[in-house]
Amino acid sequence: MTPTLPPIVALLLVPGGLFLLVGSLFYEWADRKLVAQFQNRIGPRWFQPEADMFKLLAKEEIVPDGVNRALFHGLPVVALVGALTAALYVPMLGLVPSYSFRGDLIVTLYLLSLMTLCMGLAGANTIDRFSLLGATRALTQMFSYEAPFLLALLGPAIVAGTWQIGEINAYASKHAWLLLTQPIGFVVAIVGLMGKLELPPFDAPEAETEIVGGAMTEYSGRGWALFRLGRDVELMVGLTLASAFYLGGLANPLAFVLKTFGLLVVTAGLQSLFARLRIDQVVGLWWRIGMMLALAQLLVIAVLSRVA
Amino acid sequence: MRIGAMLSDISRSLFKKPVTELYPFVKKGAPERLRGKLIFDAAKCTGCKICVRDCPADAIELHVIDKATKRFVLMFHSDRCTFCAQCVFSCNFDAISLSHEDWELAALSKDSFHVPCGRPEDVAAMAK
Amino acid sequence: MESQTPQATPKKFIVPIGPQHPALKEPGHFEIQVDGEIVTSATARLGYVHRGIEKGVEGQNWTASMYLLERICGICSHVHATAYAIGAEKLAGVTAPPRAQAIRVLVAELERVHSHLLWLGVAAHEGGFDTLFMYSWRDRETVMDILEALTGNRVNYSANLIGGVKFDVDDKQADQIRRGIDFLEERTKHYLEVVTTDETFLRRTRGVGTMTREQAEELGAVGPVARASGVPRDVRVDAPYAAYEQFPVKLVTDTGGDLEARFVVRMKELFECYRVIREILDKLPPGDLTVKVKPRLPAGEAISRVEAPRGELFYFLKSAGGTNPDRIKVRTPSLCNWASVLVLAPGHKLADIPMMLAGIDPCFSCNDRLVTIARRAGAETWTWARLRQYGIEYYR
């Protein structure tokens, strides 16, 4: 196993901090480029997300009337912080997470949801009609996919016998890929990841053609940049988590890059394949099919572990 | 009832080159009938001014240097022109045509939009 | 900025779609009252793209007016010019030669192909299906290249003259058209399959905006929207103009009445277009391209009706014997189709509204004509000067 870095380096430089910020922009580019390739067009150039960030940070931030200013300015920061903190507990770059502790799976999932909560709150903060609708939809969607997604990530935790991500990762590296032994859980995890990241077809909270920008309508400049950065970091963290659990663990940086990119190709393909689901269809899908599949997977695990 | 009806499209596109034309690095040739910048054949012009009358955008002005010797200068305003080609068909003497090679007409100043067309000596005479 | 009215009535939450909204490609204002996600009422306000074209043509001569009228709409520009040319030729008492009529129909059908492919992409985009949007617009490039080679421009073809057309179709172009149409026919079959079988897309379109045949007739819907509800109305079939008598078109209807039916009708109309285009290329009548028309059209009135990609387009031309038109009144198809959205919107979810708007293929630029609503007693007629004064004071 690769040696762990001193915690302060891990926090600020690699694999957290600077590497995470730059890497997540790179992942955003990869996602957009892959979707473009699937749609038979050239996508953005490699520096597009970085250029977007610089531009947005330099732009004027327009604060609409009637908002709570502290919340308006503070929520993007909290969202980004949540996503960055979640990255400390996952095997980013294939290295053993420096800050892991027992039970950090639950903490990580909560921190990832913090972003959605912040977006919902941000949307409810303004009196703009579109933001309110977007906030409602974001929170509705969160209540739909959260349970099946959690259960899907619980499957590997159960077979590994621990709630610590670092140990689940180590377990997954030593055993057969959980993709093969828990395929249903894998499907639910991937689709749940797309729901969490509000990728199409689950982008109803941010449906551009219906509610303009959703909860993010009123954000511009710095706040918008921070939310987008938070979303990208969440993409990277989510991919790491899913590939660590189901694709045989991340033992070294090379495996990290290959597996997360492989998963990104699959996610990009799923993004291009479907029309946007209406919010009521999202809820129906998750609470009927998603929940059933996740429970079925848990049942199989329980039965097999009893048998074995 | 199919999930992902466009799967065949996207999986093929993963390995194909994108169809985007990388203009301006790659320029496709324009078809012959493309309606680009106006070309004036001063030798054929008789000064009837039907083109001026029929232009919907007032993009043509005809200046008479000498009517008897048929010396005319056509002032073409490419910023007003809609490239409809009505002038081509209104002219009974085939004095006007639209180029299919000269169509990149964007410029940084408006000077290049007012193009005097005709014999060089006539254009010089008009400037005076 | 008020989002809730302080009354005893149930909470009204108004979502404004437009004038600036990503769902609308052109400005128009729709006030959708919602209760949660369910729409309770919908009203529209149009007129944002009114450019005064009908007034403007009175200042141009008959020849130049055509170009102004052509630019009422970008995607149905050729049928506007055709309707005008047919009306002007009626006033002048001439008929364009058969070859010119056939070429007019050829360009009109190519334009219908262009319009329906564009619409497919836009409607898919409204439903969040960006992949279908990208692919259908990629294939639209084929028909635009054909039109560019044939007419000289990708949009706004300017193919018509009063008395005929500007250009001929030679063998090289006919080959290019045939090859392009073959490719597009393959792709259209694929898109029809996608639209009728893809599960996520069907969930957005099946059962949305259902309009029965009685409702369609009562609300006055025209074009593919009416035909999707089973109303067998198509100007090309009911009152053939230009060369549609020699190259007849089959009527395409569907009984579903919902969004899916509208998709199906437009896709099937594309197949009819391809068939007619091939037939014209095979049997193009020989002859001249234009017939001479004098600059002053005799006094009189003329009416022409054509089938635009969106429905029936109606032109009324009045001449006082001069070089300029006296009055031209245009009634575009999109104007008739609004009621089918606004009346049927209540009860649907908010997410369905952009899809329903896209389903009627609205062309806002076409719409902004002058509409006379039934006058109440005591209404006065204002002069131009009075109207101008009112406008100045309104903004002060």
# chains A, B, ... in the order shown; residues from 1 in each chain; ligands from 1
>>> residues_around(residues="segment 29-33 of chain B", least_positions_apart="4", cutoff="10 Å", atoms="only C-alpha atoms", output="list of chain:residue names")
B:Leu98, B:Ser99, B:His100, B:Glu101, B:Asp102, B:Trp103, C:Asp145, C:Ile146, C:Glu148, C:Ala149, C:Leu150, C:Thr151, C:Gly152, C:Asn153, C:Phe167
>>> write_last_selection(atoms="C-alpha atoms", output="mmCIF file, in the first residue's frame")
data_model
loop_
_atom_site.group_PDB
_atom_site.id
_atom_site.type_symbol
_atom_site.label_atom_id
_atom_site.label_comp_id
_atom_site.auth_asym_id
_atom_site.auth_seq_id
_atom_site.Cartn_x
_atom_site.Cartn_y
_atom_site.Cartn_z
ATOM 1 C CA LEU B 98 -23.518 38.350 -56.774
ATOM 2 C CA SER B 99 -20.198 36.759 -56.007
ATOM 3 C CA HIS B 100 -20.049 33.331 -54.469
ATOM 4 C CA GLU B 101 -16.489 33.643 -53.297
ATOM 5 C CA ASP B 102 -16.608 36.989 -51.545
ATOM 6 C CA TRP B 103 -18.987 36.541 -48.654
ATOM 7 C CA ASP C 145 -26.850 22.514 -47.789
ATOM 8 C CA ILE C 146 -29.301 21.397 -50.458
ATOM 9 C CA GLU C 148 -27.967 26.648 -50.274
ATOM 10 C CA ALA C 149 -26.839 24.922 -53.435
ATOM 11 C CA LEU C 150 -30.244 25.373 -54.993
ATOM 12 C CA THR C 151 -31.207 28.883 -53.949
ATOM 13 C CA GLY C 152 -28.089 30.569 -52.640
ATOM 14 C CA ASN C 153 -28.962 30.884 -48.986
ATOM 15 C CA PHE C 167 -33.430 29.972 -60.777
#
>>> select_by_dssp(residues="segment 309-387 of chain C", states="strand (DSSP E or B)", output="NGL selection string")
:C and (311-319 or 327-331 or 349)
>>> residues_around(residues="Arg71 of chain B", least_positions_apart="4", cutoff="8 Å", atoms="only C-alpha atoms", output="number ranges by chain")
B: 42, 64-67, 122
>>> write_last_selection(atoms="C-alpha atoms", output="mmCIF file, in the first residue's frame")
data_model
loop_
_atom_site.group_PDB
_atom_site.id
_atom_site.type_symbol
_atom_site.label_atom_id
_atom_site.label_comp_id
_atom_site.auth_asym_id
_atom_site.auth_seq_id
_atom_site.Cartn_x
_atom_site.Cartn_y
_atom_site.Cartn_z
ATOM 1 C CA ALA B 42 -19.920 48.825 -65.713
ATOM 2 C CA VAL B 64 -23.909 59.410 -63.076
ATOM 3 C CA ILE B 65 -20.472 60.600 -64.194
ATOM 4 C CA ASP B 66 -21.474 61.085 -67.809
ATOM 5 C CA LYS B 67 -24.753 59.776 -69.176
ATOM 6 C CA ASP B 122 -15.023 56.622 -63.023
#
>>> closest_atom_pairs(of="chain A", to="chain C", cutoff="9 Å", atoms="only C-alpha atoms", output="Markdown table")
| residue | atom | partner | partner_atom | distance |
| --- | --- | --- | --- | --- |
| A:Val35 | CA | C:Thr131 | CA | 8.9 |
| A:Phe38 | CA | C:Thr131 | CA | 8.2 |
| A:Gln39 | CA | C:Thr131 | CA | 5.8 |
| A:Asn40 | CA | C:Tyr135 | CA | 7.7 |
| A:Arg41 | CA | C:Met134 | CA | 8.3 |
| A:Ile127 | CA | C:Ser3 | CA | 7.6 |
| A:Asp128 | CA | C:Met1 | CA | 7.6 |
| A:Arg129 | CA | C:Val15 | CA | 6.0 |
| A:Phe130 | CA | C:Val15 | CA | 7.2 |
| A:Leu133 | CA | C:Gly36 | CA | 8.1 |
| A:Pro200 | CA | C:Gly128 | CA | 7.7 |
| A:Pro201 | CA | C:Gly128 | CA | 7.5 |
| A:Asp203 | CA | C:Gly128 | CA | 8.5 |
| A:Ala204 | CA | C:Ala351 | CA | 8.6 |
| A:Ala207 | CA | C:Gly128 | CA | 7.6 |
| A:Glu208 | CA | C:Pro22 | CA | 6.3 |
| A:Thr209 | CA | C:Ala23 | CA | 4.3 |
| A:Glu210 | CA | C:Ala351 | CA | 6.0 |
| A:Ile211 | CA | C:His21 | CA | 8.4 |
| A:Val212 | CA | C:Pro22 | CA | 6.1 |
| A:Ser272 | CA | C:Thr131 | CA | 5.7 |
| A:Leu273 | CA | C:Thr131 | CA | 6.9 |
| A:Phe274 | CA | C:Thr200 | CA | 6.1 |
| A:Ala275 | CA | C:Phe129 | CA | 4.0 |
| A:Arg276 | CA | C:Gly128 | CA | 4.5 |
| A:Leu277 | CA | C:Thr200 | CA | 6.8 |
| A:Arg278 | CA | C:Ala351 | CA | 6.5 |
| A:Ile279 | CA | C:Ala351 | CA | 8.3 |
| A:Gln281 | CA | C:Arg203 | CA | 8.4 |
>>> write_last_selection(atoms="C-alpha atoms", output="CSV table (one decimal), in the first residue's frame")
chain,number,residue,atom,x,y,z
A,35,VAL,CA,-21.3,14.0,-23.7
A,38,PHE,CA,-21.7,11.0,-27.7
A,39,GLN,CA,-23.7,13.7,-29.5
A,40,ASN,CA,-21.3,13.7,-32.4
A,41,ARG,CA,-20.0,17.2,-31.8
A,127,ILE,CA,-38.6,35.7,-3.8
A,128,ASP,CA,-38.1,34.8,-7.4
A,129,ARG,CA,-40.7,32.3,-8.6
A,130,PHE,CA,-38.3,30.1,-10.5
A,133,LEU,CA,-39.9,26.0,-7.7
A,200,PRO,CA,-29.7,14.6,-16.9
A,201,PRO,CA,-32.2,12.8,-16.8
A,203,ASP,CA,-32.0,17.6,-13.8
A,204,ALA,CA,-35.6,18.7,-13.1
A,207,ALA,CA,-34.5,22.4,-15.9
A,208,GLU,CA,-33.3,25.2,-18.1
A,209,THR,CA,-36.3,25.2,-20.4
A,210,GLU,CA,-38.9,25.2,-17.6
A,211,ILE,CA,-37.6,27.1,-14.6
A,212,VAL,CA,-34.6,29.0,-16.1
A,272,SER,CA,-27.1,11.4,-23.3
A,273,LEU,CA,-29.6,8.7,-23.6
A,274,PHE,CA,-32.7,9.9,-21.9
A,275,ALA,CA,-35.1,12.8,-21.9
A,276,ARG,CA,-35.6,14.8,-18.7
A,277,LEU,CA,-37.9,13.1,-16.2
A,278,ARG,CA,-40.6,15.3,-14.7
A,279,ILE,CA,-40.3,15.7,-10.9
A,281,GLN,CA,-41.9,10.8,-12.5
>>> residues_around(residues="Gln164 of chain A", least_positions_apart="3", cutoff="7 Å", atoms="only C-alpha atoms", output="list in words")
Phe101, Arg102, Gly103, Asp104, Leu105, Glu167 and Ile168 of chain A
>>> write_last_selection(atoms="N, CA and C atoms", output="JSON list (two decimals), in the first residue's frame")
[["chain", "number", "residue", "atom", "x", "y", "z"],
["A", 101, "PHE", "N", -12.15, 7.79, 9.87],
["A", 101, "PHE", "CA", -12.45, 7.32, 11.21],
["A", 101, "PHE", "C", -13.62, 6.37, 11.10],
["A", 102, "ARG", "N", -13.95, 5.72, 12.13],
["A", 102, "ARG", "CA", -15.03, 4.74, 12.08],
["A", 102, "ARG", "C", -16.36, 5.44, 11.83],
["A", 103, "GLY", "N", -17.11, 4.92, 10.88],
["A", 103, "GLY", "CA", -18.42, 5.51, 10.64],
["A", 103, "GLY", "C", -18.40, 6.66, 9.66],
["A", 104, "ASP", "N", -17.29, 6.86, 8.97],
["A", 104, "ASP", "CA", -17.24, 8.05, 8.12],
["A", 104, "ASP", "C", -18.05, 7.89, 6.84],
["A", 105, "LEU", "N", -18.59, 6.71, 6.60],
["A", 105, "LEU", "CA", -19.46, 6.58, 5.42],
["A", 105, "LEU", "C", -20.69, 7.46, 5.59],
["A", 167, "GLU", "N", -11.60, 1.26, 4.98],
["A", 167, "GLU", "CA", -11.56, -0.20, 5.13],
["A", 167, "GLU", "C", -12.40, -0.89, 4.07],
["A", 168, "ILE", "N", -13.51, -0.29, 3.68],
["A", 168, "ILE", "CA", -14.32, -0.88, 2.60],
["A", 168, "ILE", "C", -13.50, -0.90, 1.31]]
>>> closest_residue(among="A:Leu80, A:Ile184, A:Ala157, A:Ile301", to="Leu21 of chain A", atoms="only C-alpha atoms")
A:Leu80
>>> atom_distance(atom1="atom CA of Ala83 of chain A", atom2="atom CA of Gly230 of chain A")
5.8 Å
